[in-house]
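Below is data_23.csv, which holds CSV, C-alpha atoms.
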chain,number,residue,atom,x,y,z
A,1,MET,CA,-22.5,-19.3,4.2
A,2,GLY,CA,-21.2,-15.8,4.9
A,3,ILE,CA,-18.7,-14.1,2.7
A,4,GLY,CA,-16.1,-14.1,5.5
A,5,LEU,CA,-16.3,-17.8,5.8
A,6,ILE,CA,-15.9,-18.2,2.0
A,7,ILE,CA,-12.8,-16.0,2.1
A,8,ASP,CA,-11.4,-17.9,5.0
A,9,ASN,CA,-12.0,-21.4,3.5
A,10,ALA,CA,-9.3,-20.6,0.8
A,11,GLY,CA,-7.6,-18.2,3.2
A,12,TRP,CA,-6.0,-21.0,5.3
A,13,PHE,CA,-4.0,-22.2,2.4
A,14,ALA,CA,-3.1,-18.6,1.4
A,15,LEU,CA,-2.1,-17.8,5.0
A,16,GLY,CA,0.2,-20.8,5.2
A,17,LEU,CA,1.7,-19.8,1.8
A,18,VAL,CA,2.2,-16.1,3.0
A,19,LEU,CA,3.9,-17.1,6.3
A,20,ILE,CA,6.3,-19.5,4.5
A,21,THR,CA,7.0,-16.8,1.9
A,22,LEU,CA,7.7,-14.2,4.6
A,23,SER,CA,10.3,-16.3,6.3
A,24,ALA,CA,11.8,-17.2,2.9
A,25,LEU,CA,11.9,-13.6,1.5
A,26,THR,CA,13.3,-12.0,4.6
A,27,HIS,CA,16.2,-14.3,4.5
A,28,PRO,CA,18.7,-12.8,2.0
A,29,THR,CA,20.2,-16.1,0.7
A,30,LYS,CA,16.9,-17.6,-0.3
A,31,ARG,CA,15.9,-17.8,-4.0
A,32,ARG,CA,13.9,-14.9,-5.3
A,33,VAL,CA,11.4,-17.2,-7.0
A,34,TRP,CA,9.5,-17.0,-3.7
A,35,ILE,CA,8.1,-13.6,-4.6
A,36,TRP,CA,5.6,-15.3,-6.9
A,37,ALA,CA,4.1,-17.0,-3.9
A,38,LEU,CA,2.5,-13.7,-2.8
A,39,PRO,CA,0.4,-13.1,-5.9
A,40,LEU,CA,-0.3,-16.8,-5.9
A,41,ALA,CA,-1.7,-16.5,-2.4
A,42,ILE,CA,-4.0,-13.6,-3.5
A,43,LEU,CA,-5.1,-15.6,-6.5
A,44,VAL,CA,-5.9,-18.6,-4.3
A,45,VAL,CA,-8.2,-16.5,-2.1
A,46,LEU,CA,-9.7,-14.8,-5.2
A,47,ALA,CA,-10.4,-18.1,-6.8
A,48,GLY,CA,-11.9,-19.4,-3.5
A,49,THR,CA,-14.2,-16.3,-3.4
A,50,LEU,CA,-15.1,-16.2,-7.0
A,51,PHE,CA,-15.6,-20.0,-7.6
A,52,PRO,CA,-18.9,-20.2,-5.7
A,53,GLY,CA,-20.0,-17.2,-7.8
A,54,THR,CA,-19.0,-18.7,-11.2
A,55,ALA,CA,-20.6,-21.9,-10.2
A,56,GLY,CA,-23.8,-20.0,-9.4
A,57,ASP,CA,-24.0,-20.8,-5.7
A,58,TYR,CA,-25.5,-17.4,-4.9
A,59,PRO,CA,-28.6,-16.5,-6.9
A,60,GLY,CA,-27.7,-14.1,-9.7
A,61,SER,CA,-24.0,-13.8,-8.9
A,62,THR,CA,-22.5,-15.6,-11.9
A,63,TRP,CA,-22.3,-12.4,-14.0
A,64,LYS,CA,-21.0,-10.5,-10.9
A,65,ALA,CA,-18.1,-12.9,-10.7
A,66,TRP,CA,-17.3,-12.4,-14.4
A,67,LEU,CA,-17.6,-8.7,-13.9
A,68,ALA,CA,-15.1,-8.9,-11.0
A,69,ILE,CA,-12.7,-11.0,-13.2
A,70,ALA,CA,-12.9,-8.4,-15.9
A,71,ALA,CA,-12.2,-5.5,-13.5
A,72,LEU,CA,-9.2,-7.5,-12.0
A,73,ALA,CA,-7.8,-8.0,-15.5
A,74,PHE,CA,-8.2,-4.4,-16.4
A,75,GLY,CA,-6.6,-3.2,-13.1
A,76,VAL,CA,-3.6,-5.5,-13.5
A,77,ALA,CA,-3.1,-4.4,-17.1
A,78,ALA,CA,-3.3,-0.7,-16.0
A,79,ALA,CA,-0.4,-1.1,-13.6
A,80,PRO,CA,3.0,0.4,-14.6
A,81,TRP,CA,5.0,-2.6,-15.7
A,82,TYR,CA,8.5,-1.8,-14.8
A,83,GLU,CA,11.5,-3.6,-16.3
A,84,ALA,CA,12.9,-5.6,-13.4
A,85,SER,CA,16.5,-5.9,-14.7
A,86,ARG,CA,19.5,-6.1,-12.5
A,87,ASP,CA,21.4,-3.9,-15.0
A,88,ARG,CA,18.9,-1.1,-14.8
A,89,GLU,CA,19.7,1.4,-12.2
A,90,THR,CA,16.6,2.3,-10.2
A,91,ARG,CA,16.5,5.7,-8.5
A,92,LEU,CA,14.6,6.5,-5.3
A,93,ILE,CA,12.3,8.7,-7.3
A,94,ASP,CA,11.0,5.6,-9.2
A,95,LEU,CA,10.3,3.8,-6.0
A,96,VAL,CA,8.6,6.8,-4.4
A,97,ARG,CA,6.5,7.3,-7.5
A,98,GLY,CA,5.5,3.6,-7.6
A,99,ALA,CA,4.6,3.7,-3.9
A,100,ALA,CA,2.5,6.8,-4.6
A,101,ILE,CA,0.6,4.9,-7.3
A,102,VAL,CA,0.0,2.1,-4.8
A,103,LEU,CA,-1.3,4.6,-2.2
A,104,VAL,CA,-3.7,6.3,-4.7
A,105,GLY,CA,-5.1,2.9,-5.9
A,106,SER,CA,-5.5,1.6,-2.3
A,107,GLY,CA,-6.9,4.9,-1.1
A,108,ILE,CA,-9.6,4.9,-3.8
A,109,THR,CA,-10.4,1.3,-3.0
A,110,ILE,CA,-10.7,1.9,0.7
A,111,ILE,CA,-12.9,5.0,0.2
A,112,LEU,CA,-15.3,3.1,-2.0
A,113,LEU,CA,-15.4,0.1,0.3
A,114,GLY,CA,-16.1,2.5,3.2
A,115,LEU,CA,-18.9,4.2,1.3
A,116,ILE,CA,-20.4,0.7,0.4
A,117,GLY,CA,-20.1,-0.3,4.1
A,118,TRP,CA,-21.8,2.9,5.1
A,119,GLU,CA,-24.6,2.4,2.6
A,120,GLN,CA,-25.1,-1.2,3.8
A,121,THR,CA,-24.9,-0.6,7.6
A,122,THR,CA,-27.1,2.6,7.9
A,123,ARG,CA,-30.0,0.2,7.7
A,124,TYR,CA,-29.1,-1.3,11.1
A,125,VAL,CA,-29.4,1.4,13.7
A,126,SER,CA,-27.7,-0.7,16.4
A,127,ALA,CA,-24.6,-1.6,14.3
A,128,TRP,CA,-22.5,1.3,15.5
A,129,ASP,CA,-19.3,-0.7,15.2
A,130,LEU,CA,-19.9,-1.3,11.5
A,131,ARG,CA,-20.6,2.4,11.0
A,132,LEU,CA,-17.4,3.2,12.9
A,133,ALA,CA,-15.5,0.9,10.6
A,134,ALA,CA,-17.0,2.5,7.6
A,135,VAL,CA,-16.1,6.1,8.8
A,136,VAL,CA,-12.6,5.0,9.7
A,137,GLY,CA,-12.3,3.5,6.2
A,138,ILE,CA,-13.5,6.6,4.5
A,139,PHE,CA,-11.1,8.8,6.5
A,140,ILE,CA,-8.1,6.5,5.9
A,141,GLY,CA,-8.9,6.2,2.3
A,142,VAL,CA,-9.2,10.0,1.7
A,143,TRP,CA,-6.0,10.6,3.7
A,144,THR,CA,-4.0,7.8,1.9
A,145,GLY,CA,-5.3,8.5,-1.6
A,146,LEU,CA,-4.7,12.2,-1.3
A,147,THR,CA,-1.2,11.8,0.1
A,148,GLY,CA,-0.3,9.4,-2.7
A,149,LEU,CA,-1.7,11.8,-5.3
A,150,MET,CA,0.1,14.8,-3.9
A,151,HIS,CA,3.4,12.9,-3.8
A,152,TRP,CA,2.9,11.8,-7.3
A,153,LEU,CA,2.1,15.4,-8.5
A,154,ARG,CA,5.1,16.6,-6.6
A,155,LEU,CA,7.4,14.1,-8.3
A,156,LYS,CA,5.9,15.0,-11.7
A,157,GLY,CA,6.8,18.6,-11.0
A,158,ALA,CA,3.2,19.7,-11.2
A,159,LEU,CA,3.2,20.9,-7.6
A,160,SER,CA,5.9,22.5,-5.6
A,161,PRO,CA,6.2,21.6,-2.0
A,162,ASN,CA,5.4,24.1,0.7
A,163,SER,CA,8.0,25.0,3.2
A,164,ARG,CA,7.7,23.3,6.6
A,165,ALA,CA,4.5,24.2,8.3
A,166,SER,CA,4.7,27.0,10.8
A,167,ARG,CA,3.5,26.6,14.4
A,168,ASN,CA,0.2,28.4,13.7
A,169,GLN,CA,-0.4,26.3,10.7
A,170,ARG,CA,0.2,23.1,12.7
A,171,ILE,CA,-2.3,24.4,15.4
A,172,ALA,CA,-4.9,25.0,12.6
A,173,GLN,CA,-4.3,21.6,11.2
A,174,SER,CA,-4.8,20.0,14.6
A,175,ALA,CA,-8.0,22.0,15.0
A,176,VAL,CA,-9.3,20.7,11.6
A,177,LEU,CA,-8.4,17.1,12.8
A,178,GLY,CA,-10.4,17.7,16.0
A,179,ILE,CA,-13.4,18.9,13.9
A,180,ILE,CA,-13.0,15.8,11.7
A,181,LEU,CA,-13.1,13.5,14.8
A,182,VAL,CA,-16.2,15.3,16.2
A,183,LEU,CA,-18.0,14.9,12.8
A,184,ALA,CA,-17.1,11.2,12.7
A,185,LEU,CA,-18.5,10.7,16.2
A,186,VAL,CA,-21.7,12.5,15.2
A,187,ALA,CA,-22.0,10.4,12.0
A,188,VAL,CA,-21.5,7.2,14.0
A,189,LEU,CA,-23.8,7.9,16.9
A,190,TYR,CA,-26.6,9.7,15.0
A,191,PRO,CA,-27.0,7.9,11.6
A,192,ALA,CA,-30.3,9.6,10.9
A,193,PHE,CA,-28.5,13.0,10.6
A,194,ALA,CA,-25.2,11.6,9.2
A,195,THR,CA,-25.3,12.7,5.6
A,196,ALA,CA,-24.2,16.4,6.2
A,197,PRO,CA,-21.4,15.5,8.8
A,198,LEU,CA,-20.1,12.8,6.5
A,199,VAL,CA,-19.9,15.1,3.5
A,200,LEU,CA,-18.2,17.8,5.6
A,201,LEU,CA,-15.9,15.2,7.0
A,202,ILE,CA,-14.8,14.1,3.5
A,203,VAL,CA,-14.2,17.7,2.4
A,204,LEU,CA,-12.2,18.6,5.6
A,205,ALA,CA,-10.2,15.3,5.3
A,206,ILE,CA,-9.3,16.3,1.7
A,207,GLU,CA,-8.1,19.7,2.8
A,208,TRP,CA,-6.2,18.3,5.8
A,209,ALA,CA,-4.5,15.5,3.8
A,210,ALA,CA,-3.6,17.7,0.9
A,211,LEU,CA,-2.0,20.4,3.0
A,212,GLY,CA,-0.2,17.8,5.1
A,213,ALA,CA,1.2,16.0,2.1
A,214,LEU,CA,2.4,19.3,0.6
A,215,ALA,CA,4.4,20.2,3.8
A,216,HIS,CA,6.3,16.9,3.9
A,217,PRO,CA,10.0,17.5,3.3
A,218,HIS,CA,11.2,15.9,0.0
A,219,GLU,CA,13.5,13.5,1.8
A,220,ASP,CA,10.7,12.2,4.1
A,221,LEU,CA,8.4,11.1,1.3
A,222,LEU,CA,9.2,7.4,1.7
A,223,PRO,CA,8.9,7.2,5.5
A,224,THR,CA,5.6,9.0,5.1
A,225,GLN,CA,4.4,6.5,2.5
A,226,ALA,CA,5.5,3.7,4.8
A,227,ARG,CA,3.2,5.2,7.5
A,228,HIS,CA,0.4,5.2,5.0
A,229,VAL,CA,1.0,1.5,4.2
A,230,GLY,CA,0.4,1.0,8.0
A,231,LEU,CA,-2.9,2.9,7.6
A,232,ILE,CA,-3.9,0.6,4.7
A,233,GLY,CA,-3.2,-2.2,7.2
A,234,ILE,CA,-5.6,-0.7,9.6
A,235,ALA,CA,-8.2,-0.3,6.8
A,236,ILE,CA,-7.8,-4.0,6.0
A,237,LEU,CA,-8.3,-4.8,9.7
A,238,THR,CA,-11.6,-2.9,9.7
A,239,LEU,CA,-12.7,-4.6,6.5
A,240,GLY,CA,-11.8,-8.0,8.0
A,241,TYR,CA,-14.0,-7.1,11.0
A,242,VAL,CA,-16.9,-5.9,8.8
A,243,GLN,CA,-16.7,-9.0,6.5
A,244,SER,CA,-16.0,-11.4,9.4
A,245,SER,CA,-12.9,-12.7,7.8
A,246,LEU,CA,-10.0,-13.9,10.0
A,247,LEU,CA,-7.7,-13.9,7.0
A,248,LEU,CA,-8.1,-10.1,6.4
A,249,LEU,CA,-7.6,-9.5,10.1
A,250,VAL,CA,-4.3,-11.4,10.1
A,251,ILE,CA,-3.1,-9.7,6.8
A,252,GLY,CA,-4.0,-6.3,8.2
A,253,GLY,CA,-2.0,-7.0,11.3
A,254,LEU,CA,1.0,-8.2,9.3
A,255,VAL,CA,0.9,-5.1,7.1
A,256,LEU,CA,0.7,-2.8,10.1
A,257,ALA,CA,3.6,-4.7,11.7
A,258,GLY,CA,5.8,-4.3,8.6
A,259,SER,CA,5.1,-0.6,8.4
A,260,ILE,CA,5.9,-0.1,12.1
A,261,HIS,CA,9.1,-2.2,11.6
A,262,PHE,CA,10.2,0.0,8.6
A,263,VAL,CA,9.4,3.3,10.3
A,264,LYS,CA,11.2,2.4,13.5
A,265,ARG,CA,14.3,1.1,12.0
A,266,GLN,CA,14.7,3.6,9.1
A,267,GLY,CA,15.0,0.8,6.6
A,268,ALA,CA,17.1,1.0,3.5
A,269,PHE,CA,16.4,-0.4,0.0
A,270,CYS,CA,18.9,-2.5,-1.9
A,271,GLN,CA,17.8,-1.1,-5.2
A,272,ILE,CA,18.7,2.4,-4.2
A,273,SER,CA,21.4,1.9,-1.6
A,274,ARG,CA,24.2,2.8,-4.0
A,275,ARG,CA,22.4,5.6,-5.8
A,276,PRO,CA,22.2,9.2,-4.8
A,277,PHE,CA,18.9,11.0,-4.4
A,278,TYR,CA,19.0,14.7,-4.8
A,279,VAL,CA,16.8,17.1,-2.9
A,280,ASP,CA,15.6,18.9,-6.0
A,281,GLU,CA,15.1,15.7,-8.1
A,282,THR,CA,11.6,15.9,-9.4
A,283,ARG,CA,11.3,14.4,-12.8
A,284,ASP,CA,12.0,11.1,-14.5
A,285,GLY,CA,14.3,12.6,-17.0
A,286,ASP,CA,16.4,14.5,-14.5
A,287,GLN,CA,19.9,13.3,-14.5
A,288,PRO,CA,22.3,14.3,-11.7
A,289,ALA,CA,24.6,17.0,-12.9
A,290,GLU,CA,28.4,16.7,-12.5
A,291,GLY,CA,29.6,17.8,-9.2
A,292,ARG,CA,26.3,17.3,-7.4
A,293,ALA,CA,27.3,13.9,-6.1
A,294,THR,CA,28.3,15.5,-2.8
A,295,ASP,CA,24.7,16.6,-2.2
A,296,ARG,CA,23.1,15.0,0.7
A,297,PRO,CA,21.6,11.6,-0.4
A,298,LEU,CA,18.3,10.4,1.1
A,299,ASN,CA,19.5,7.0,2.1
A,300,ARG,CA,21.3,7.4,5.3
A,301,ASP,CA,23.9,4.6,4.7
B,1,MET,CA,-17.7,-11.1,14.4
B,2,ASP,CA,-17.0,-11.1,18.1
B,3,PRO,CA,-14.8,-8.1,18.8
B,4,THR,CA,-12.7,-10.1,21.4
B,5,ILE,CA,-11.8,-12.8,18.8
B,6,ALA,CA,-10.9,-10.0,16.3
B,7,ALA,CA,-8.7,-8.2,18.8
B,8,TYR,CA,-6.9,-11.5,19.7
B,9,VAL,CA,-6.3,-12.4,16.1
B,10,VAL,CA,-5.0,-8.9,15.3
B,11,LEU,CA,-2.7,-8.8,18.4
B,12,LEU,CA,-1.3,-12.3,17.4
B,13,ALA,CA,-0.7,-11.2,13.8
B,14,LEU,CA,1.0,-8.0,15.0
B,15,ALA,CA,3.2,-10.0,17.4
B,16,VAL,CA,4.2,-12.5,14.6
B,17,GLY,CA,5.0,-9.6,12.3
B,18,LEU,CA,6.9,-7.5,14.8
B,19,THR,CA,8.9,-10.4,16.4
B,20,GLY,CA,9.3,-13.0,13.8
B,21,SER,CA,8.5,-13.0,10.1
B,22,LEU,CA,9.3,-9.5,9.2
B,23,ARG,CA,12.4,-8.9,11.3
B,24,ALA,CA,15.4,-8.5,9.1
B,25,GLU,CA,18.7,-6.7,8.9
B,26,ARG,CA,18.4,-2.9,8.4
B,27,GLU,CA,19.5,-3.4,4.8
B,28,HIS,CA,16.5,-5.6,4.1
B,29,CYS,CA,13.9,-3.5,5.9
B,30,GLY,CA,12.9,-1.9,2.6
B,31,ARG,CA,12.2,-5.3,1.2
B,32,GLY,CA,10.0,-6.0,4.3
B,33,LEU,CA,8.0,-2.8,3.6
B,34,LEU,CA,7.5,-3.8,-0.1
B,35,ILE,CA,6.5,-7.3,1.0
B,36,VAL,CA,3.8,-6.0,3.3
B,37,THR,CA,2.8,-3.5,0.6
B,38,THR,CA,2.3,-6.5,-1.7
B,39,LEU,CA,0.3,-8.2,1.1
B,40,SER,CA,-2.0,-5.1,1.2
B,41,GLY,CA,-3.1,-6.3,-2.3
B,42,PHE,CA,-5.5,-8.5,-0.2
B,43,LEU,CA,-7.7,-5.4,-0.3
B,44,VAL,CA,-8.8,-6.5,-3.7
B,45,VAL,CA,-10.2,-9.7,-2.0
B,46,ALA,CA,-12.4,-7.5,0.2
B,47,ALA,CA,-13.4,-5.4,-2.9
B,48,VAL,CA,-14.3,-8.6,-4.8
B,49,SER,CA,-16.4,-9.9,-1.9
B,50,ALA,CA,-18.2,-6.5,-1.7
B,51,LEU,CA,-18.9,-6.8,-5.4
B,52,LEU,CA,-20.3,-10.3,-5.1
B,53,THR,CA,-22.6,-9.3,-2.2
B,54,SER,CA,-23.7,-6.0,-3.6
B,55,HIS,CA,-27.5,-5.3,-3.4
B,56,SER,CA,-28.0,-2.3,-5.6
B,57,ILE,CA,-26.6,-0.8,-8.8
B,58,LEU,CA,-24.8,1.9,-6.9
B,59,GLU,CA,-23.0,-0.6,-4.7
B,60,LEU,CA,-22.2,-2.7,-7.8
B,61,LEU,CA,-20.7,0.3,-9.6
B,62,LEU,CA,-18.6,1.4,-6.6
B,63,SER,CA,-17.3,-2.0,-5.9
B,64,THR,CA,-16.4,-2.6,-9.5
B,65,ILE,CA,-14.3,0.6,-9.5
B,66,ALA,CA,-12.8,-0.5,-6.1
B,67,VAL,CA,-11.8,-3.9,-7.7
B,68,PHE,CA,-10.2,-2.1,-10.6
B,69,PHE,CA,-8.1,0.3,-8.4
B,70,GLY,CA,-7.3,-2.5,-5.9
B,71,ALA,CA,-6.0,-4.7,-8.6
B,72,GLN,CA,-3.9,-1.9,-10.0
B,73,ALA,CA,-2.4,-1.1,-6.6
B,74,ALA,CA,-1.7,-4.8,-5.9
B,75,ALA,CA,0.1,-5.3,-9.3
B,76,THR,CA,2.1,-2.1,-8.9
B,77,SER,CA,3.3,-3.1,-5.4
B,78,PHE,CA,4.2,-6.6,-6.6
B,79,LEU,CA,6.3,-5.0,-9.5
B,80,LEU,CA,8.1,-2.8,-6.9
B,81,LEU,CA,8.9,-5.8,-4.8
B,82,ARG,CA,10.2,-7.7,-7.9
B,83,GLN,CA,12.4,-4.8,-8.7
B,84,GLU,CA,13.8,-4.7,-5.2
B,85,ILE,CA,14.4,-8.4,-5.1
B,86,HIS,CA,16.2,-8.3,-8.5
B,87,ALA,CA,18.5,-5.5,-7.2
B,88,GLU,CA,19.8,-7.7,-4.4
B,89,PRO,CA,23.6,-7.3,-4.0
B,90,VAL,CA,23.8,-11.1,-3.8
B,91,ASP,CA,22.7,-11.4,-7.4
B,92,GLN,CA,25.1,-8.7,-8.6
B,93,PRO,CA,28.8,-9.1,-9.4
B,94,ASP,CA,30.7,-7.6,-6.5
B,95,GLU,CA,31.9,-4.3,-7.9
B,96,GLN,CA,34.4,-3.6,-5.1
B,97,ASP,CA,36.2,-6.9,-5.2
B,98,SER,CA,36.6,-7.5,-8.9
B,99,PRO,CA,38.4,-4.8,-10.9
B,100,ASP,CA,36.8,-5.8,-14.2
B,101,ALA,CA,33.3,-5.7,-12.9
B,102,GLY,CA,34.1,-2.4,-11.1
B,103,GLU,CA,35.3,-0.8,-14.4
B,104,ALA,CA,32.3,-2.2,-16.2
B,105,GLY,CA,30.0,-0.8,-13.6
B,106,GLN,CA,31.7,2.6,-13.8
B,107,ARG,CA,31.5,2.6,-17.6
B,108,ARG,CA,27.8,1.8,-17.4
B,109,HIS,CA,27.3,4.6,-15.0
B,110,ASP,CA,29.3,7.1,-17.1
B,111,GLY,CA,27.4,6.1,-20.2
B,112,LYS,CA,24.1,6.7,-18.5
B,113,ARG,CA,25.3,10.2,-17.5
B,114,GLU,CA,26.4,11.1,-21.0
B,115,ALA,CA,23.1,9.8,-22.4
B,116,GLY,CA,21.3,12.0,-20.0

Any chance you could give the structure as structure tokens?
Amino acid sequence: MGIGLIIDNAGWFALGLVLITLSALTHPTKRRVWIWALPLAILVVLAGTLFPGTAGDYPGSTWKAWLAIAALAFGVAAAPWYEASRDRETRLIDLVRGAAIVLVGSGITIILLGLIGWEQTTRYVSAWDLRLAAVVGIFIGVWTGLTGLMHWLRLKGALSPNSRASRNQRIAQSAVLGIILVLALVAVLYPAFATAPLVLLIVLAIEWAALGALAHPHEDLLPTQARHVGLIGIAILTLGYVQSSLLLLVIGGLVLAGSIHFVKRQGAFCQISRRPFYVDETRDGDQPAEGRATDRPLNRD
Amino acid sequence: MDPTIAAYVVLLALAVGLTGSLRAEREHCGRGLLIVTTLSGFLVVAAVSALLTSHSILELLLSTIAVFFGAQAAATSFLLLRQEIHAEPVDQPDEQDSPDAGEAGQRRHDGKREAG
């Protein structure tokens, strides 16, 4: 039984749970206990994937399943556990920093999965679609992870943002993107000579993503991160295709749809809708000074 | 996987997301974004399946790191969503309508400023 089918066996239950939860959570009067259904759905699929491993259904996979459980536990423990209290005022900077951490974690995961996919598919010369998925995954992972890291460093005050890119800089960035696309094409079509183009692609993607993230205006950080959530959705789509899992395809489509929806409608957040966001706000400890309340807030309510 | 089936499934999911499940008032769009960010935690499932099917030590190492970071990202996005849901105005006392609650809210806000 393929791994995609193993994911999908439990995935049907998870997908039903996810769809019910989506309709419940987007309705403002529904009880908020429904948020627990989302991690439950992920846990259902994880249990469905890991159980054949712990039961020893694949040869030699029992200890891999336990290794996965340990990595999961360490990862969850390493997350920043915010106090979710209705009395605590959350500022936009907390939200943007949290989203930056999500982008960094997801970006690293996507890069590594892309590299694993590349390593597994270079053996099959005819599998150009799998190589394409791997290269797309590596590029999206580098772009997303670097953008998250740059945003996080900017909010820590370790990096100061560039001014908006000039016309020549934008042309140069477009040229670099063109070179990246050519290198990706070469790597996909000629796997025998792919190592050098792939390394160059990663280096150029790092430069491209870092310069792009530095030039984002401070007030556009969240919409940019929303766009990257859409890119994560595309990465999940490619992973679903590679692993033949319909569940991952559907989830990727939903993530992409949510990101498009947010970017198109300039969505607002309840937790920050009454709180000002200052253009020069960079650190956790920054408190707005008196008289600055007239500064332009980010949320456009 | 057959690319045609994959394309159909993706289009269907996109249509469901754009027209049905994720549509909301503008005020709740942010919640929708955090919901799909939490859904992107399904990346960790792909990472776990890559770990289970790894053939070499290198793949095993890379996929273990991928599972770690995927789990961290998934937990962080869930915590952000929880924070957003707990900040819903429905759950808060209406500060405009009730003078007591409004004063209390103002005092809390002032106290925070002084503390800062």

Gap from atom CA of Met1 of chain B to atom CA of Ser244 of chain A - Å, one decimal: 5.3 Å

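Nearest-residue note for Thr238 of chain A: choosing from B:Thr53, B:Val16, B:Ala46, B:Tyr8, the minimum distance belongs to B:Ala46, counting all atoms listed in the file.
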
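Candidate residues B:Ala6, B:Leu34, B:Gly17, B:Phe42 were compared for distance to Ala41 of chain A, and the nearest is B:Phe42, using only C-alpha atoms.
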
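Atom pair atom CA of Ala37 of chain A / atom CA of Val18 of chain A: separated by 7.2 Å.
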
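The point (0.6, -15.0, -6.3) has these residues within 12 Å of it, counting only C-alpha atoms: Ala14, Leu15, Leu17, Val18, Thr21, Val33, Trp34, Ile35, Trp36, Ala37, Leu38, Pro39, Leu40, Ala41, Ile42, Leu43, Val44, Val45, Leu46 and Ala47 of chain A; Thr38, Leu39, Gly41, Phe42, Ala74, Ala75, Phe78 and Leu79 of chain B.
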
Atomic distance atom CA of Leu231 of chain A - atom CA of Ala100 of chain A, expressed in Å with one decimal: 13.9 Å

For the contact check between chain B and chain A, emit one row per residue of chain B within 6 Å, containing the shortest atom pair and the distance in Å rounded to one decimal, counting all atoms listed in the file, chain then rising number order, as CSV.
residue,atom,partner,partner_atom,distance
B:Met1,CA,A:Ser244,CA,5.3
B:Val10,CA,A:Gly253,CA,5.3
B:Ala13,CA,A:Gly253,CA,5.1
B:Leu14,CA,A:Gly253,CA,4.9
B:Gly17,CA,A:Ala257,CA,5.1
B:Leu18,CA,A:Ala257,CA,5.3
B:Ser21,CA,A:Ser23,CA,5.3
B:Arg26,CA,A:Gly267,CA,5.3
B:Glu27,CA,A:Ala268,CA,5.2
B:Cys29,CA,A:Gly267,CA,4.5
B:Gly30,CA,A:Phe269,CA,4.6
B:Leu33,CA,A:Gly258,CA,5.7
B:Val36,CA,A:Val255,CA,4.9
B:Leu52,CA,A:Lys64,CA,5.8
B:Glu59,CA,A:Ile116,CA,5.9
B:Leu62,CA,A:Leu112,CA,5.9
B:Ala66,CA,A:Thr109,CA,4.3
B:Phe68,CA,A:Gly75,CA,4.5
B:Phe69,CA,A:Gly105,CA,4.7
B:Gly70,CA,A:Thr109,CA,5.7
B:Ala71,CA,A:Gly75,CA,4.8
B:Gln72,CA,A:Gly75,CA,4.3
B:Ala73,CA,A:Val102,CA,4.4
B:Ala75,CA,A:Val76,CA,5.6
B:Thr76,CA,A:Ala79,CA,5.4
B:Gln83,CA,A:Ala84,CA,4.8
B:Glu84,CA,A:Gln271,CA,5.4
B:His86,CA,A:Arg86,CA,5.6
B:Ala87,CA,A:Gln271,CA,4.9
B:Glu88,CA,A:Cys270,CA,5.8
B:Gly116,CA,A:Gln287,CA,5.8

Residues near Ala213 of chain A, cut-off 10 Å, only C-alpha atoms, skip fewer than 4 positions along chain, as a list in words: Trp143, Thr144, Leu146, Thr147, Gly148, Leu149, Met150, His151, Arg154, Pro161, Asn162, Trp208, Ala209, Pro217, Leu221 and Thr224 of chain A
